[in-house]
Each structure stands twice: as structure tokens, then as C-alpha cells.
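Scroll down for the structure; my scribbles are underneath it.
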Amino acid sequence: MVQIALHVGRDGDWQEQLQVWLNYHNVNPSYGFDDSKARSLLVDLSTEVSYAAEQPTIQLEAGNVVVIPGAPGLSLDIDDTLDRLRAASSTAYNLEIPLIMQVIEPTKADTGVITEQAERILQRQITITAYDVLTEQTLAWLLDRDEIASWLYMVPGEGTAPQVSVNKHNIHDTLVQLTELMGDGRGFRYDEAEQQIWEAFMSEQDTVNVYLTHPERTYAVQPGDTLTRIAVRFGMPPGRVAEVNRDIDIDHLSIGQIIRVPSQDILTPYMAVSGKKIVVSLAEQRVRVYENGGLRWDWITSTGLSDSPTANGVFQVIEKVDRAYASQWDLWMPYFIGVYEAGGTIVNGFHELPILANGQRLWAGSLGRPASFGCIILGIPEAETLYNWAETGVVVVIQ
């Protein structure tokens with residue numbers, strides 16, 4: 001249309017061009033229809049006006065399974081609406097073109113069949129347990145039909161008939177409720193626990209053990225406090241406390257200053273091994289190994305010197321190396337059992353009397369008193385025995 005108007009007054013001889021300048025000249029409008037742009041517009045519009053059908057759901061009412069019917073949805077029929085737009089495109093009048101919507105019916109559920117399936121699932125129970133490494137208590141929660149009912153949903157079955165299944169992600173809400181009941185900041189590693197509980201429930205196990213988490217803490221500096229004293233108070237290696245307080249001068253603390261203390265979970269990241277525990281007495285310089293509640297071994301040891309003390313707290317076996325090398329001291333540590341990260345890349349733990357590069361044994365006559373750079377030194381037969389007995393996750397209490 002613009003091109004037609006452009007040629008008016010420019011085509012023809014000079015007389016025809018003069019007539020255009022002296023008189024009005026009408027140019028009839030011309031309309032076009034861009035299918036591609038119209039379809040793109042309708043696709044965008046479809047996301048705003050269409051909505052899925054609500055599928056039937058299951059819930060408990062007064063302890064009984066009730067199937068709640070679904071509700072229909074609507075979907076924009078893009079092709080039919082586009083045909084109407086195309087047909088109306090040749091007129092110059094303003095027209096309202098109604099959207100063509102298709103009704104999406106929800107799945108029809110056989111109430112009797114669904115109720116029977118749900119009842120079979122709801123007859124089962126599962127107990128969730130979690131061991132607290134700090135209190136040495138095992139917490140337990142028995143989940144029955146009231147909790148499990150919230151996990152149920154309908155999925156497509158054979159043909160068009162739906163069937164009842166367990167939605168793994170709904171277990172998350174149950175875990176949040178248990179966390180709120182504890183009310184002290186403890187909780188769960190939710191994604192991991194969801195998967196564990198779902199797998200246990202689907203395989204008809206009646207008990208599942210999950211990891212119990214602990215919150216980060218804060219502490220207001222008191223008179224006489226140092227970073228080391230604060231770390232000892234919370235059973236945390238000083239280096240780990242320093243790592244989360246990089247924004248403060250840890251050598252010049254002020255009274256009332258707030259110090260962050262990491263979660264216990266950084267020291268005990270693994271599920272605790274049931275029935276096994278190692279206790280290190282710094283005062284007595286002894287290592288006592290317990291199995292199923294009874295004392296199995298009681299050995300003499302050497303822990304860290306005063307200028308490189310062994311940290312107190314609750315830890316775990318986090319790694320094992322049959323012959324580890326300490327580059328900062330140029331010595332070998334046979335049967336090394338890593339227990340905690342002291343800070344940076346340094347890991348302290350149990351090992352046999354160390355060996356210098358020239359083959360000389362260190363501290364052979366020092367067992368029974370502090371002598372190490374922070375590790376827990378055992379005699380030659382004892383270190384190998386402990387190395388073979390302790391797997392990753394065994395709790396280590398240093399006190």
C-alpha cells in the first residue's frame with residue numbers, strides 16, 4: 001500500500017502529475033495476513049489462557065480413603081482460531097474473534113478400585129530413625145496411614161485407568177514436619193532422606209535410617225576468650241572456626257563480638273557406623289575402642305603437644321591410607337586413619353609411630369604423654385589392628 005501511494009504523482013506525463021497535485025487522489029487500502037506472526041501470537045497467548053485438567057486426588061477424611069474427582073481444563077485450539085483470524089483478515093472492520101477452546105477432561109477414576117489400592121498401601125508402616133552423634137541418642141518416628149496418605153497420588157495405569165502410587169517428593173513435607181517437631185535446628189539432608197525413605201517404603205522395608213543434621217551456631221565473645229578457647233568450648237578444631245570467620249581479626253576479639261561456629265556436620269559427614277566407637281582421653285593418653293557397647297581394646301597413646309594440640313570434639317573416620325606422607329614434616333605415617341581436618345589441607349588422625357625419610361622411628365619411647373604434631377600415635381601392632389577394624393563413618397570422641 002505504501003508503494004502504491006509512493007507512485008501516485010510520480011508516474012505518467014507532466015499533465016497527469018499536475019492533476020494529482022491540484023486534486024485529491026484516493027488510494028484504496030490493501031490488507032495482508034502474516035500466518036507466521038499470527039501463529040506465534042497464539043502460541044504465546046495459549047500459555048496464558050490454557051490450563052491443565054486437575055486430576056483426581058486421594059485424601060483421608062475421618063480415617064477413611066476418599067477419592068476427590070478431578071476438574072476439567074481448557075486448551076487453546078490454535079489451528080481453528082488461526083483459521084478464523086485468516087477468514088476475517090480481508091475486512092477493514094474491527095471484529096472480535098473469539099478464541100476456540102478445547103475442554104480437557106480429567107481422568108475418570110474407578111473409586112472402588114482406587115480405594116482398594118490406597119488401602120493396601122496405607123496398611124503399611126515405616127519407622128524413620130536418626131542417630132545424633134552429639135547426644136548419642138537414636139531418634140525414631142513411626143509413620144502410619146495419616147502421614148503416608150499425603151504421599152499418595154494417581155499415575156497412569158494400564159489403558160486409561162489411573163492407579164495409586166507413592167510420590168517421592170511428597171515425603172519432603174513429612175520431613176519438614178518432623179524437623180519442626182524437633183524445634184532445635186536439627187533436621188535432615190532432605191533430598192537424600194527422601195530417596196532413602198521412598199526406596200525403603202517401595203521395597204516394603206519397615207525401618208530406614210537417615211542422617212540427622214545440626215545447625216550452625218553463633219557465640220558472643222566473653223572476657224578472656226580466644227579463638228582456641230571458643231573452639232574447645234564447641235568441640236571444633238580452631239582452624240575450622242577461623243575458616244568461617246574470615247571477615248574478622250581472630251587474634252583481636254572484642255567482648256560481645258559475634259563468632260560463627262560451623263555445624264557439627266562438617267566433622268561428621270557420614271552416617272554413623274552402628275555399634276562401633278573410639279574414645280580418646282587427652283588427660284589419660286589412652287585410646288579405648290568399643291564394639292556393641294563393650295570395651296574391646298584399651299591402648300596407650302600420644303596426642304599433640306601444647307603448641308600443636310589434638311582437638312577435642314566428636315569426629316568420624318573420614319579416610320584411610322595404609323602409608324600416608326606428611327610433606328610438612330617429611331615423615332611417613334603407617335596405617336593412617338584420618339579423623340578431622342585441622343584447617344587448610346591438614347588432616348589429623350590415628351597412625352603408627354611415624355618414620356622419617358632415613359628410616360628412623362619417632363617417639364617410640366614417648367607413648368603415654370603428648371608428643372605429636374596433633375595426630376594420635378599408636379604402637380606398631382595397635383595401629384594396624386585399629387586400621388583393619390575401623391571403617392569410614394565410625395564415630396571418634398576426643399575428650
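In the C-alpha cells, each chain is lettered A, B, ... as it comes, each chain's residues begin at 1, and ligands are numbered from 1 in order of appearance.
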
Find the spatial neighbours of region 367-383 of chain A, counting only C-alpha atoms, within a cut-off of 8 Å - ignore same-chain residues fewer than 4 positions away - and output them as a VMD selection string. chain A and resid 284 to 286 299 to 306 308 to 311 335 348 to 353 363 387

Expected answer as a PyMOL selection string: helix (DSSP H, G or I) residues in region 308-389 of chain A: chain A and resi 380-389

Save the residues we just selected, C-alpha atoms, as an mmCIF file, in the first residue's frame?
```cif
data_model
loop_
_atom_site.group_PDB
_atom_site.id
_atom_site.type_symbol
_atom_site.label_atom_id
_atom_site.label_comp_id
_atom_site.auth_asym_id
_atom_site.auth_seq_id
_atom_site.Cartn_x
_atom_site.Cartn_y
_atom_site.Cartn_z
ATOM 1 C CA ILE A 380 53.056 -50.804 65.986
ATOM 2 C CA PRO A 381 50.571 -53.668 66.459
ATOM 3 C CA GLU A 382 47.760 -51.434 67.774
ATOM 4 C CA ALA A 383 47.706 -49.055 64.793
ATOM 5 C CA GLU A 384 47.327 -51.878 62.283
ATOM 6 C CA THR A 385 44.622 -53.518 64.403
ATOM 7 C CA LEU A 386 42.608 -50.303 64.553
ATOM 8 C CA TYR A 387 43.158 -49.670 60.834
ATOM 9 C CA ASN A 388 41.632 -53.036 59.958
ATOM 10 C CA TRP A 389 38.722 -52.644 62.406
#
```

Taking only C-alpha atoms into account, which of A:Leu122, A:Asp35, A:Ala109, A:Gln102 comes nearest Arg84 (chain A)?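 Among the listed residues, the smallest separation from Arg84 (chain A) belongs to A:Asp35.
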
Contact check, region 122-147 of chain A to region 184-207 of chain A, at most 8 Å, counting only C-alpha atoms, closest pairs as a Markdown table:
```
| residue | atom | partner | partner_atom | distance |
| --- | --- | --- | --- | --- |
| A:Arg124 | CA | A:Glu204 | CA | 7.9 |
| A:Gln125 | CA | A:Asp206 | CA | 6.3 |
| A:Ile126 | CA | A:Asp206 | CA | 4.5 |
| A:Thr127 | CA | A:Thr207 | CA | 4.7 |
| A:Ile128 | CA | A:Thr207 | CA | 5.9 |
| A:Thr129 | CA | A:Thr207 | CA | 7.4 |
```

Who sits within 12 Å of Val314 (chain A), only C-alpha atoms, same chain under 2 positions skipped, as an NGL selection string: :A and (132-136 or 232 or 234-237 or 263-269 or 272 or 277-280 or 311-312 or 316-317 or 339-340 or 393-399)

Take the residues just selected and output them with C-alpha atoms as an mmCIF file, in the first residue's frame.
```cif
data_model
loop_
_atom_site.group_PDB
_atom_site.id
_atom_site.type_symbol
_atom_site.label_atom_id
_atom_site.label_comp_id
_atom_site.auth_asym_id
_atom_site.auth_seq_id
_atom_site.Cartn_x
_atom_site.Cartn_y
_atom_site.Cartn_z
ATOM 1 C CA ASP A 132 22.543 -37.931 66.947
ATOM 2 C CA VAL A 133 26.325 -38.122 67.260
ATOM 3 C CA LEU A 134 26.356 -35.367 69.901
ATOM 4 C CA THR A 135 23.810 -36.810 72.312
ATOM 5 C CA GLU A 136 24.376 -40.457 71.327
ATOM 6 C CA VAL A 232 37.391 -26.023 72.616
ATOM 7 C CA PHE A 234 32.230 -26.170 70.999
ATOM 8 C CA GLY A 235 34.426 -29.187 70.248
ATOM 9 C CA MET A 236 35.565 -27.733 66.945
ATOM 10 C CA PRO A 237 39.121 -27.506 65.542
ATOM 11 C CA SER A 263 27.707 -27.025 62.044
ATOM 12 C CA GLN A 264 28.723 -30.297 63.662
ATOM 13 C CA ASP A 265 28.012 -31.863 60.272
ATOM 14 C CA ILE A 266 31.355 -30.747 58.814
ATOM 15 C CA LEU A 267 33.068 -33.013 61.365
ATOM 16 C CA THR A 268 30.707 -35.971 60.984
ATOM 17 C CA PRO A 269 29.590 -36.025 57.338
ATOM 18 C CA ALA A 272 27.485 -43.233 61.853
ATOM 19 C CA LYS A 277 33.025 -46.092 68.709
ATOM 20 C CA ILE A 278 36.550 -44.890 69.515
ATOM 21 C CA VAL A 279 37.181 -42.702 72.576
ATOM 22 C CA VAL A 280 40.457 -40.798 73.027
ATOM 23 C CA ALA A 311 41.426 -31.023 69.001
ATOM 24 C CA ASN A 312 38.632 -32.184 71.263
ATOM 25 C CA GLN A 316 34.446 -39.656 62.454
ATOM 26 C CA VAL A 317 36.774 -41.811 60.448
ATOM 27 C CA VAL A 339 39.669 -38.135 61.746
ATOM 28 C CA TYR A 340 39.342 -34.370 61.205
ATOM 29 C CA GLY A 393 31.898 -43.375 59.475
ATOM 30 C CA VAL A 394 32.986 -44.841 62.823
ATOM 31 C CA VAL A 395 32.472 -42.146 65.479
ATOM 32 C CA VAL A 396 35.594 -40.861 67.250
ATOM 33 C CA VAL A 397 35.195 -38.916 70.505
ATOM 34 C CA ILE A 398 38.227 -36.937 71.653
ATOM 35 C CA GLN A 399 37.834 -35.555 75.171
#
```
